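**Student:** Got a structure for you, questions after.
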Amino acid sequence: MENREMNTAPEIIEFSEQNPSDVKDWYMKNHSEETLAELIYDVLLAMCEADDYANSCEKGSEEHREWLSRSMEWESLYCTLEDEILAIMEKEGFDLSEGTDEAVNAFRISRGYDKIFYTAEAAAAETAARMKKEKYTYYRVKHNGMIAKKSDWYYWIYENGEWIRDTKSVISDMIHGYDSGEPEDSPYGYGSTSVMDEIEEISYEEAMEKIAADIIANLIFNWRKKFRKAKQEWDENPGWPAKHVTTSFTLFNCRYTLVPDDFGFTKGTWDEGFMESIQTELEKDLKEAGASEIESYGFLD
């Protein structure tokens, strides 16, 4: 964030020499997850640089005290930004119990907070691997295919592309066989086998496979809308014929391959040519969805 212009510091100076309170004021006026990702690493570097300056000064000198005070101010701001990251994770259903430092680091990498060290592909792969190692129990609701997970005493439901905390105890009630049709004082309110039979424990791999299938289905649905007009124009004036057109990728450690039939393209080589023409856009959307190792192929017919 070199040469950032602050509202209260119009002169262009080194970031570490700026007033931490001015930086904080700027952030509060430009508050978003993007600015959080942009700012946190700069603040960490400023804190370390100020600390280095302090250590290079004569101990006890006025200059030493000034830089030490500045380092502590940067540290305070950095802790505030770290707390924001934890709040985002908690909102998205991450387990923040003791011993989850690795999960927090993987989350930071995947969101770009530590983007200077990692590529997006490595971040996605590391996050998926970390999720697999965390102590979650996964479930599938039989009548609607809903995927859920449990960690300690908390439950989450996978819905619309994200993990949502189950604040209504839907999953907990099913696991314990709670029958809402029974009177409140009924001894048969819990332990209903018919209710418990509606949910089953599944493996991490099974849960991720179902989630990946939902993500891919949603992408294809959106692609059909996104490229509808372009496809109509292509049908009227085809660009080129092609064959063996595929786009392969890894999602949650599973490998998938898309072919023209997945889009409803069934007219042969000209439709394959159209899929080849949009592969760059497909790759971009897949990457944003968390896919890695994306490879596209196609040959002129």
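Numbering starts fresh at 1 for the residues of each chain in the structure tokens, the chains themselves are lettered A, B, ... in the order given, and ligands are numbered from 1 as they appear.
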Going by DSSP on the backbone, which bits of stretch 139-257 of chain A are strand (DSSP E or B)? Write them as an mmCIF file with all heavy atoms, in the first residue's frame, please.
**Tutor:**
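Everything below was put into selection21.cif:
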data_model
loop_
_atom_site.group_PDB
_atom_site.id
_atom_site.type_symbol
_atom_site.label_atom_id
_atom_site.label_comp_id
_atom_site.auth_asym_id
_atom_site.auth_seq_id
_atom_site.Cartn_x
_atom_site.Cartn_y
_atom_site.Cartn_z
ATOM 1 N N TYR A 139 -23.207 -34.482 7.825
ATOM 2 C CA TYR A 139 -24.498 -35.155 7.739
ATOM 3 C C TYR A 139 -25.177 -34.835 6.412
ATOM 4 O O TYR A 139 -24.910 -33.792 5.789
ATOM 5 C CB TYR A 139 -25.433 -34.695 8.871
ATOM 6 C CG TYR A 139 -24.899 -34.937 10.260
ATOM 7 C CD1 TYR A 139 -24.174 -33.946 10.927
ATOM 8 C CD2 TYR A 139 -25.107 -36.151 10.913
ATOM 9 C CE1 TYR A 139 -23.677 -34.154 12.201
ATOM 10 C CE2 TYR A 139 -24.613 -36.374 12.196
ATOM 11 C CZ TYR A 139 -23.898 -35.368 12.827
ATOM 12 O OH TYR A 139 -23.408 -35.576 14.087
ATOM 13 N N ARG A 140 -26.080 -35.732 6.015
ATOM 14 C CA ARG A 140 -26.941 -35.499 4.854
ATOM 15 C C ARG A 140 -28.378 -35.761 5.259
ATOM 16 O O ARG A 140 -28.687 -36.797 5.852
ATOM 17 C CB ARG A 140 -26.570 -36.419 3.697
ATOM 18 C CG ARG A 140 -27.407 -36.162 2.423
ATOM 19 C CD ARG A 140 -26.997 -37.098 1.303
ATOM 20 N NE ARG A 140 -27.433 -38.457 1.591
ATOM 21 C CZ ARG A 140 -28.642 -38.950 1.265
ATOM 22 N NH1 ARG A 140 -29.529 -38.184 0.648
ATOM 23 N NH2 ARG A 140 -28.944 -40.199 1.542
ATOM 24 N N VAL A 141 -29.253 -34.791 4.973
ATOM 25 C CA VAL A 141 -30.685 -34.961 5.217
ATOM 26 C C VAL A 141 -31.258 -35.711 4.028
ATOM 27 O O VAL A 141 -31.141 -35.258 2.880
ATOM 28 C CB VAL A 141 -31.385 -33.598 5.399
ATOM 29 C CG1 VAL A 141 -32.875 -33.804 5.621
ATOM 30 C CG2 VAL A 141 -30.768 -32.837 6.573
ATOM 31 N N ILE A 147 -26.802 -30.736 3.143
ATOM 32 C CA ILE A 147 -25.550 -31.109 3.786
ATOM 33 C C ILE A 147 -25.352 -30.237 5.028
ATOM 34 O O ILE A 147 -25.588 -29.024 5.002
ATOM 35 C CB ILE A 147 -24.361 -30.925 2.834
ATOM 36 C CG1 ILE A 147 -24.533 -31.815 1.597
ATOM 37 C CG2 ILE A 147 -23.046 -31.258 3.531
ATOM 38 C CD1 ILE A 147 -24.576 -33.299 1.890
ATOM 39 N N ALA A 148 -24.917 -30.864 6.111
ATOM 40 C CA ALA A 148 -24.703 -30.138 7.366
ATOM 41 C C ALA A 148 -23.422 -30.656 8.010
ATOM 42 O O ALA A 148 -22.880 -31.699 7.624
ATOM 43 C CB ALA A 148 -25.890 -30.331 8.303
ATOM 44 N N LYS A 149 -22.939 -29.907 9.005
ATOM 45 C CA LYS A 149 -21.760 -30.351 9.737
ATOM 46 C C LYS A 149 -21.862 -29.917 11.186
ATOM 47 O O LYS A 149 -22.594 -28.975 11.524
ATOM 48 C CB LYS A 149 -20.476 -29.808 9.101
ATOM 49 C CG LYS A 149 -20.298 -28.303 9.216
ATOM 50 C CD LYS A 149 -18.977 -27.862 8.573
ATOM 51 C CE LYS A 149 -18.767 -26.355 8.705
ATOM 52 N NZ LYS A 149 -17.494 -25.909 8.106
ATOM 53 N N LYS A 150 -21.097 -30.609 12.037
ATOM 54 C CA LYS A 150 -21.102 -30.315 13.463
ATOM 55 C C LYS A 150 -19.666 -30.225 13.958
ATOM 56 O O LYS A 150 -18.805 -31.008 13.558
ATOM 57 C CB LYS A 150 -21.838 -31.411 14.234
ATOM 58 C CG LYS A 150 -21.748 -31.263 15.758
ATOM 59 C CD LYS A 150 -22.237 -32.510 16.469
ATOM 60 C CE LYS A 150 -22.057 -32.390 17.979
ATOM 61 N NZ LYS A 150 -22.402 -33.638 18.695
ATOM 62 N N SER A 151 -19.414 -29.256 14.837
ATOM 63 C CA SER A 151 -18.136 -29.148 15.518
ATOM 64 C C SER A 151 -18.428 -28.787 16.960
ATOM 65 O O SER A 151 -19.045 -27.757 17.233
ATOM 66 C CB SER A 151 -17.254 -28.082 14.868
ATOM 67 O OG SER A 151 -16.054 -27.931 15.598
ATOM 68 N N TYR A 154 -21.810 -26.962 17.996
ATOM 69 C CA TYR A 154 -22.384 -26.088 16.974
ATOM 70 C C TYR A 154 -22.655 -26.856 15.678
ATOM 71 O O TYR A 154 -21.907 -27.761 15.305
ATOM 72 C CB TYR A 154 -21.452 -24.904 16.696
ATOM 73 C CG TYR A 154 -21.198 -24.058 17.908
ATOM 74 C CD1 TYR A 154 -19.978 -24.123 18.589
ATOM 75 C CD2 TYR A 154 -22.171 -23.199 18.398
ATOM 76 C CE1 TYR A 154 -19.741 -23.353 19.717
ATOM 77 C CE2 TYR A 154 -21.948 -22.419 19.523
ATOM 78 C CZ TYR A 154 -20.732 -22.496 20.177
ATOM 79 O OH TYR A 154 -20.501 -21.736 21.290
ATOM 80 N N TYR A 155 -23.716 -26.431 14.994
ATOM 81 C CA TYR A 155 -24.108 -27.052 13.730
ATOM 82 C C TYR A 155 -24.177 -25.980 12.646
ATOM 83 O O TYR A 155 -24.537 -24.829 12.914
ATOM 84 C CB TYR A 155 -25.479 -27.727 13.853
ATOM 85 C CG TYR A 155 -25.497 -28.919 14.782
ATOM 86 C CD1 TYR A 155 -25.688 -28.750 16.153
ATOM 87 C CD2 TYR A 155 -25.335 -30.212 14.294
ATOM 88 C CE1 TYR A 155 -25.706 -29.836 17.015
ATOM 89 C CE2 TYR A 155 -25.353 -31.312 15.154
ATOM 90 C CZ TYR A 155 -25.534 -31.115 16.508
ATOM 91 O OH TYR A 155 -25.552 -32.196 17.361
ATOM 92 N N TRP A 156 -23.837 -26.399 11.423
ATOM 93 C CA TRP A 156 -23.941 -25.518 10.262
ATOM 94 C C TRP A 156 -24.648 -26.254 9.139
ATOM 95 O O TRP A 156 -24.546 -27.477 9.005
ATOM 96 C CB TRP A 156 -22.569 -25.079 9.763
ATOM 97 C CG TRP A 156 -21.847 -24.121 10.659
ATOM 98 C CD1 TRP A 156 -21.857 -22.754 10.617
ATOM 99 C CD2 TRP A 156 -20.988 -24.454 11.750
ATOM 100 N NE1 TRP A 156 -21.071 -22.222 11.592
ATOM 101 C CE2 TRP A 156 -20.516 -23.242 12.315
ATOM 102 C CE3 TRP A 156 -20.562 -25.660 12.309
ATOM 103 C CZ2 TRP A 156 -19.659 -23.211 13.392
ATOM 104 C CZ3 TRP A 156 -19.708 -25.634 13.390
ATOM 105 C CH2 TRP A 156 -19.259 -24.410 13.919
ATOM 106 N N ILE A 157 -25.324 -25.478 8.287
ATOM 107 C CA ILE A 157 -26.000 -26.002 7.105
ATOM 108 C C ILE A 157 -25.386 -25.328 5.877
ATOM 109 O O ILE A 157 -25.182 -24.115 5.866
ATOM 110 C CB ILE A 157 -27.512 -25.718 7.151
ATOM 111 C CG1 ILE A 157 -28.163 -26.493 8.308
ATOM 112 C CG2 ILE A 157 -28.186 -26.092 5.828
ATOM 113 C CD1 ILE A 157 -29.616 -26.128 8.550
ATOM 114 N N TYR A 158 -25.083 -26.129 4.854
ATOM 115 C CA TYR A 158 -24.551 -25.560 3.619
ATOM 116 C C TYR A 158 -25.721 -25.096 2.766
ATOM 117 O O TYR A 158 -26.559 -25.888 2.352
ATOM 118 C CB TYR A 158 -23.723 -26.586 2.851
ATOM 119 C CG TYR A 158 -22.987 -25.974 1.682
ATOM 120 C CD1 TYR A 158 -21.795 -25.279 1.877
ATOM 121 C CD2 TYR A 158 -23.501 -26.065 0.393
ATOM 122 C CE1 TYR A 158 -21.132 -24.697 0.823
ATOM 123 C CE2 TYR A 158 -22.839 -25.481 -0.669
ATOM 124 C CZ TYR A 158 -21.652 -24.799 -0.454
ATOM 125 O OH TYR A 158 -21.006 -24.210 -1.501
ATOM 126 N N GLU A 159 -25.749 -23.787 2.509
ATOM 127 C CA GLU A 159 -26.910 -23.206 1.822
ATOM 128 C C GLU A 159 -26.466 -22.036 0.955
ATOM 129 O O GLU A 159 -25.757 -21.144 1.417
ATOM 130 C CB GLU A 159 -27.912 -22.731 2.876
ATOM 131 C CG GLU A 159 -29.249 -22.288 2.342
ATOM 132 C CD GLU A 159 -30.210 -21.958 3.490
ATOM 133 O OE1 GLU A 159 -30.901 -22.881 3.963
ATOM 134 O OE2 GLU A 159 -30.232 -20.799 3.917
ATOM 135 N N GLU A 162 -22.625 -21.218 0.959
ATOM 136 C CA GLU A 162 -21.867 -20.915 2.170
ATOM 137 C C GLU A 162 -22.415 -21.700 3.357
ATOM 138 O O GLU A 162 -23.545 -22.200 3.332
ATOM 139 C CB GLU A 162 -21.901 -19.419 2.458
ATOM 140 C CG GLU A 162 -23.294 -18.850 2.642
ATOM 141 C CD GLU A 162 -23.268 -17.350 2.893
ATOM 142 O OE1 GLU A 162 -22.242 -16.845 3.390
ATOM 143 O OE2 GLU A 162 -24.269 -16.684 2.601
ATOM 144 N N TRP A 163 -21.580 -21.815 4.404
ATOM 145 C CA TRP A 163 -21.994 -22.485 5.635
ATOM 146 C C TRP A 163 -22.719 -21.486 6.523
ATOM 147 O O TRP A 163 -22.172 -20.454 6.884
ATOM 148 C CB TRP A 163 -20.782 -23.048 6.373
ATOM 149 C CG TRP A 163 -20.152 -24.235 5.697
ATOM 150 C CD1 TRP A 163 -18.993 -24.245 4.990
ATOM 151 C CD2 TRP A 163 -20.658 -25.575 5.670
ATOM 152 N NE1 TRP A 163 -18.737 -25.510 4.525
ATOM 153 C CE2 TRP A 163 -19.746 -26.357 4.932
ATOM 154 C CE3 TRP A 163 -21.792 -26.198 6.195
ATOM 155 C CZ2 TRP A 163 -19.918 -27.713 4.700
ATOM 156 C CZ3 TRP A 163 -21.970 -27.552 5.969
ATOM 157 C CH2 TRP A 163 -21.054 -28.294 5.235
ATOM 158 N N ILE A 164 -23.960 -21.825 6.870
ATOM 159 C CA ILE A 164 -24.794 -20.970 7.706
ATOM 160 C C ILE A 164 -24.999 -21.631 9.063
ATOM 161 O O ILE A 164 -25.349 -22.812 9.133
ATOM 162 C CB ILE A 164 -26.179 -20.724 7.058
ATOM 163 C CG1 ILE A 164 -26.007 -20.171 5.631
ATOM 164 C CG2 ILE A 164 -27.006 -19.772 7.904
ATOM 165 C CD1 ILE A 164 -25.344 -18.830 5.558
ATOM 166 N N ARG A 165 -24.753 -20.889 10.138
ATOM 167 C CA ARG A 165 -24.965 -21.445 11.482
ATOM 168 C C ARG A 165 -26.430 -21.838 11.664
ATOM 169 O O ARG A 165 -27.335 -21.072 11.349
ATOM 170 C CB ARG A 165 -24.566 -20.420 12.544
ATOM 171 C CG ARG A 165 -24.754 -20.861 13.996
ATOM 172 C CD ARG A 165 -23.701 -21.838 14.445
ATOM 173 N NE ARG A 165 -22.384 -21.241 14.476
ATOM 174 C CZ ARG A 165 -21.915 -20.524 15.506
ATOM 175 N NH1 ARG A 165 -22.670 -20.304 16.566
ATOM 176 N NH2 ARG A 165 -20.699 -20.038 15.472
ATOM 177 N N ILE A 199 -31.911 -38.392 8.794
ATOM 178 C CA ILE A 199 -30.576 -37.803 8.662
ATOM 179 C C ILE A 199 -29.532 -38.890 8.856
ATOM 180 O O ILE A 199 -29.715 -39.808 9.658
ATOM 181 C CB ILE A 199 -30.381 -36.654 9.688
ATOM 182 C CG1 ILE A 199 -29.117 -35.864 9.383
ATOM 183 C CG2 ILE A 199 -30.376 -37.178 11.121
ATOM 184 C CD1 ILE A 199 -29.026 -34.558 10.159
ATOM 185 N N GLU A 200 -28.444 -38.799 8.090
ATOM 186 C CA GLU A 200 -27.393 -39.812 8.190
ATOM 187 C C GLU A 200 -26.024 -39.151 8.211
ATOM 188 O O GLU A 200 -25.813 -38.091 7.612
ATOM 189 C CB GLU A 200 -27.478 -40.790 7.015
ATOM 190 C CG GLU A 200 -27.270 -40.156 5.651
ATOM 191 C CD GLU A 200 -27.351 -41.165 4.520
ATOM 192 O OE1 GLU A 200 -27.340 -42.379 4.818
ATOM 193 O OE2 GLU A 200 -27.412 -40.758 3.353
ATOM 194 N N GLU A 201 -25.094 -39.756 8.935
ATOM 195 C CA GLU A 201 -23.729 -39.267 8.977
ATOM 196 C C GLU A 201 -23.010 -39.711 7.712
ATOM 197 O O GLU A 201 -23.146 -40.859 7.286
ATOM 198 C CB GLU A 201 -23.021 -39.811 10.215
ATOM 199 C CG GLU A 201 -21.617 -39.257 10.412
ATOM 200 C CD GLU A 201 -20.981 -39.724 11.716
ATOM 201 O OE1 GLU A 201 -21.722 -39.936 12.694
ATOM 202 O OE2 GLU A 201 -19.730 -39.884 11.734
ATOM 203 N N ILE A 202 -22.244 -38.815 7.114
ATOM 204 C CA ILE A 202 -21.495 -39.135 5.901
ATOM 205 C C ILE A 202 -20.041 -38.697 6.080
ATOM 206 O O ILE A 202 -19.700 -37.994 7.029
ATOM 207 C CB ILE A 202 -22.102 -38.446 4.652
ATOM 208 C CG1 ILE A 202 -22.100 -36.919 4.831
ATOM 209 C CG2 ILE A 202 -23.506 -38.961 4.377
ATOM 210 C CD1 ILE A 202 -22.570 -36.152 3.601
ATOM 211 N N ALA A 242 -14.775 -27.339 -33.908
ATOM 212 C CA ALA A 242 -13.731 -27.910 -33.056
ATOM 213 C C ALA A 242 -14.151 -29.303 -32.596
ATOM 214 O O ALA A 242 -15.280 -29.743 -32.846
ATOM 215 C CB ALA A 242 -13.487 -27.005 -31.851
ATOM 216 N N LYS A 243 -13.234 -29.980 -31.930
ATOM 217 C CA LYS A 243 -13.540 -31.313 -31.404
ATOM 218 C C LYS A 243 -12.738 -31.552 -30.139
ATOM 219 O O LYS A 243 -11.737 -30.877 -29.881
ATOM 220 C CB LYS A 243 -13.236 -32.394 -32.438
ATOM 221 C CG LYS A 243 -11.776 -32.453 -32.877
ATOM 222 C CD LYS A 243 -11.570 -33.488 -33.969
ATOM 223 C CE LYS A 243 -10.109 -33.522 -34.434
ATOM 224 N NZ LYS A 243 -9.912 -34.520 -35.517
ATOM 225 N N HIS A 244 -13.207 -32.505 -29.347
ATOM 226 C CA HIS A 244 -12.550 -32.880 -28.087
ATOM 227 C C HIS A 244 -12.339 -31.673 -27.170
ATOM 228 O O HIS A 244 -11.282 -31.518 -26.547
ATOM 229 C CB HIS A 244 -11.206 -33.563 -28.353
ATOM 230 C CG HIS A 244 -11.279 -34.722 -29.288
ATOM 231 N ND1 HIS A 244 -12.187 -35.745 -29.130
ATOM 232 C CD2 HIS A 244 -10.570 -35.010 -30.426
ATOM 233 C CE1 HIS A 244 -12.036 -36.632 -30.104
ATOM 234 N NE2 HIS A 244 -11.065 -36.205 -30.904
ATOM 235 N N VAL A 245 -13.342 -30.800 -27.086
ATOM 236 C CA VAL A 245 -13.252 -29.606 -26.240
ATOM 237 C C VAL A 245 -13.637 -29.968 -24.810
ATOM 238 O O VAL A 245 -14.732 -30.482 -24.563
ATOM 239 C CB VAL A 245 -14.164 -28.484 -26.769
ATOM 240 C CG1 VAL A 245 -14.116 -27.277 -25.829
ATOM 241 C CG2 VAL A 245 -13.731 -28.070 -28.174
ATOM 242 N N THR A 246 -12.759 -29.695 -23.872
ATOM 243 C CA THR A 246 -13.016 -29.995 -22.455
ATOM 244 C C THR A 246 -12.419 -28.904 -21.578
ATOM 245 O O THR A 246 -11.452 -28.238 -21.964
ATOM 246 C CB THR A 246 -12.392 -31.337 -22.029
ATOM 247 O OG1 THR A 246 -10.965 -31.272 -22.197
ATOM 248 C CG2 THR A 246 -12.944 -32.495 -22.848
ATOM 249 N N THR A 247 -12.988 -28.736 -20.393
ATOM 250 C CA THR A 247 -12.403 -27.898 -19.347
ATOM 251 C C THR A 247 -12.393 -28.724 -18.065
ATOM 252 O O THR A 247 -13.458 -29.099 -17.562
ATOM 253 C CB THR A 247 -13.204 -26.605 -19.137
ATOM 254 O OG1 THR A 247 -13.104 -25.787 -20.312
ATOM 255 C CG2 THR A 247 -12.659 -25.821 -17.952
ATOM 256 N N SER A 248 -11.203 -29.026 -17.569
ATOM 257 C CA SER A 248 -11.054 -29.857 -16.381
ATOM 258 C C SER A 248 -10.534 -29.008 -15.222
ATOM 259 O O SER A 248 -9.815 -28.035 -15.428
ATOM 260 C CB SER A 248 -10.083 -31.013 -16.647
ATOM 261 O OG SER A 248 -10.564 -31.836 -17.698
ATOM 262 N N PHE A 249 -10.894 -29.404 -13.996
ATOM 263 C CA PHE A 249 -10.481 -28.636 -12.824
ATOM 264 C C PHE A 249 -10.603 -29.508 -11.575
ATOM 265 O O PHE A 249 -11.242 -30.568 -11.598
ATOM 266 C CB PHE A 249 -11.354 -27.384 -12.663
ATOM 267 C CG PHE A 249 -12.830 -27.664 -12.601
ATOM 268 C CD1 PHE A 249 -13.482 -27.824 -11.393
ATOM 269 C CD2 PHE A 249 -13.571 -27.772 -13.775
ATOM 270 C CE1 PHE A 249 -14.843 -28.097 -11.343
ATOM 271 C CE2 PHE A 249 -14.934 -28.051 -13.742
ATOM 272 C CZ PHE A 249 -15.575 -28.206 -12.524
ATOM 273 N N THR A 250 -9.988 -29.043 -10.510
ATOM 274 C CA THR A 250 -10.061 -29.722 -9.215
ATOM 275 C C THR A 250 -10.855 -28.853 -8.257
ATOM 276 O O THR A 250 -10.604 -27.644 -8.149
ATOM 277 C CB THR A 250 -8.656 -29.976 -8.648
ATOM 278 O OG1 THR A 250 -7.942 -30.837 -9.542
ATOM 279 C CG2 THR A 250 -8.738 -30.637 -7.271
ATOM 280 N N LEU A 251 -11.812 -29.457 -7.574
ATOM 281 C CA LEU A 251 -12.621 -28.756 -6.589
ATOM 282 C C LEU A 251 -12.794 -29.671 -5.385
ATOM 283 O O LEU A 251 -13.284 -30.790 -5.525
ATOM 284 C CB LEU A 251 -13.986 -28.389 -7.192
ATOM 285 C CG LEU A 251 -14.904 -27.489 -6.364
ATOM 286 C CD1 LEU A 251 -14.232 -26.143 -6.078
ATOM 287 C CD2 LEU A 251 -16.236 -27.267 -7.075
ATOM 288 N N CYS A 254 -11.322 -33.157 -5.697
ATOM 289 C CA CYS A 254 -11.904 -34.058 -6.693
ATOM 290 C C CYS A 254 -11.721 -33.448 -8.081
ATOM 291 O O CYS A 254 -11.763 -32.222 -8.231
ATOM 292 C CB CYS A 254 -13.386 -34.304 -6.426
ATOM 293 S SG CYS A 254 -13.716 -35.256 -4.924
ATOM 294 N N ARG A 255 -11.522 -34.299 -9.072
ATOM 295 C CA ARG A 255 -11.282 -33.841 -10.435
ATOM 296 C C ARG A 255 -12.572 -33.926 -11.255
ATOM 297 O O ARG A 255 -13.284 -34.945 -11.205
ATOM 298 C CB ARG A 255 -10.206 -34.710 -11.087
ATOM 299 C CG ARG A 255 -9.628 -34.143 -12.372
ATOM 300 C CD ARG A 255 -8.786 -32.940 -12.110
ATOM 301 N NE ARG A 255 -8.196 -32.386 -13.359
ATOM 302 C CZ ARG A 255 -7.696 -31.185 -13.441
ATOM 303 N NH1 ARG A 255 -7.663 -30.391 -12.384
ATOM 304 N NH2 ARG A 255 -7.186 -30.759 -14.581
ATOM 305 N N TYR A 256 -12.883 -32.851 -11.982
ATOM 306 C CA TYR A 256 -14.090 -32.795 -12.798
ATOM 307 C C TYR A 256 -13.729 -32.335 -14.207
ATOM 308 O O TYR A 256 -12.749 -31.613 -14.410
ATOM 309 C CB TYR A 256 -15.104 -31.817 -12.200
ATOM 310 C CG TYR A 256 -15.558 -32.184 -10.803
ATOM 311 C CD1 TYR A 256 -14.867 -31.714 -9.682
ATOM 312 C CD2 TYR A 256 -16.668 -32.998 -10.593
ATOM 313 C CE1 TYR A 256 -15.268 -32.039 -8.403
ATOM 314 C CE2 TYR A 256 -17.077 -33.333 -9.311
ATOM 315 C CZ TYR A 256 -16.378 -32.856 -8.226
ATOM 316 O OH TYR A 256 -16.772 -33.188 -6.950
ATOM 317 N N THR A 257 -14.541 -32.755 -15.171
ATOM 318 C CA THR A 257 -14.346 -32.346 -16.561
ATOM 319 C C THR A 257 -15.683 -31.940 -17.168
ATOM 320 O O THR A 257 -16.668 -32.693 -17.086
ATOM 321 C CB THR A 257 -13.738 -33.488 -17.395
ATOM 322 O OG1 THR A 257 -12.442 -33.810 -16.880
ATOM 323 C CG2 THR A 257 -13.599 -33.069 -18.857
#
**Student:** Would you please work out which residue, of A:Pro260, A:Phe265, A:Ser277, A:Leu286, is nearest to A:Ile216 when using only C-alpha atoms?
**Tutor:**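 For A:Ile216, the nearest of the given residues is A:Leu286.
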**Student:** For A:Ser21, please output as a list in words all residues within 9 Å (counting only C-alpha atoms; exclusion window: fewer than 2 positions along the same chain).
**Tutor:**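 In the requested form, the answer reads Gln18, Asn19, Val23, Lys24, Asp25, Trp26, Glu73, Trp74 and Leu77 of chain A.
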**Student:** Write out as a list in words which residues come within 9 Å of A:Gln279 when counting only C-alpha atoms, dropping same-chain ones fewer than 3 positions away.
**Tutor:**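 Once the adjacent positions are removed, what remains is Thr246, Thr247, Phe274, Met275, Glu276, Leu282, Glu283, Lys284, Ser296 and Tyr297 of chain A.
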**Student:** Let me see the file: selected residues, C-alpha atoms, as a compact mmCIF listing (two decimals), in the first residue's frame.
**Tutor:**
# COMPACT_ATOMS: atom_id res chain seq x y z
CA THR A 246 -13.02 -29.99 -22.45
CA THR A 247 -12.40 -27.90 -19.35
CA PHE A 274 -18.50 -22.18 -29.20
CA MET A 275 -17.48 -23.81 -25.90
CA GLU A 276 -13.85 -23.31 -26.90
CA LEU A 282 -15.21 -20.40 -17.73
CA GLU A 283 -11.73 -20.58 -16.20
CA LYS A 284 -12.13 -17.17 -14.56
CA SER A 296 -8.84 -26.31 -21.10
CA TYR A 297 -8.37 -28.26 -24.32
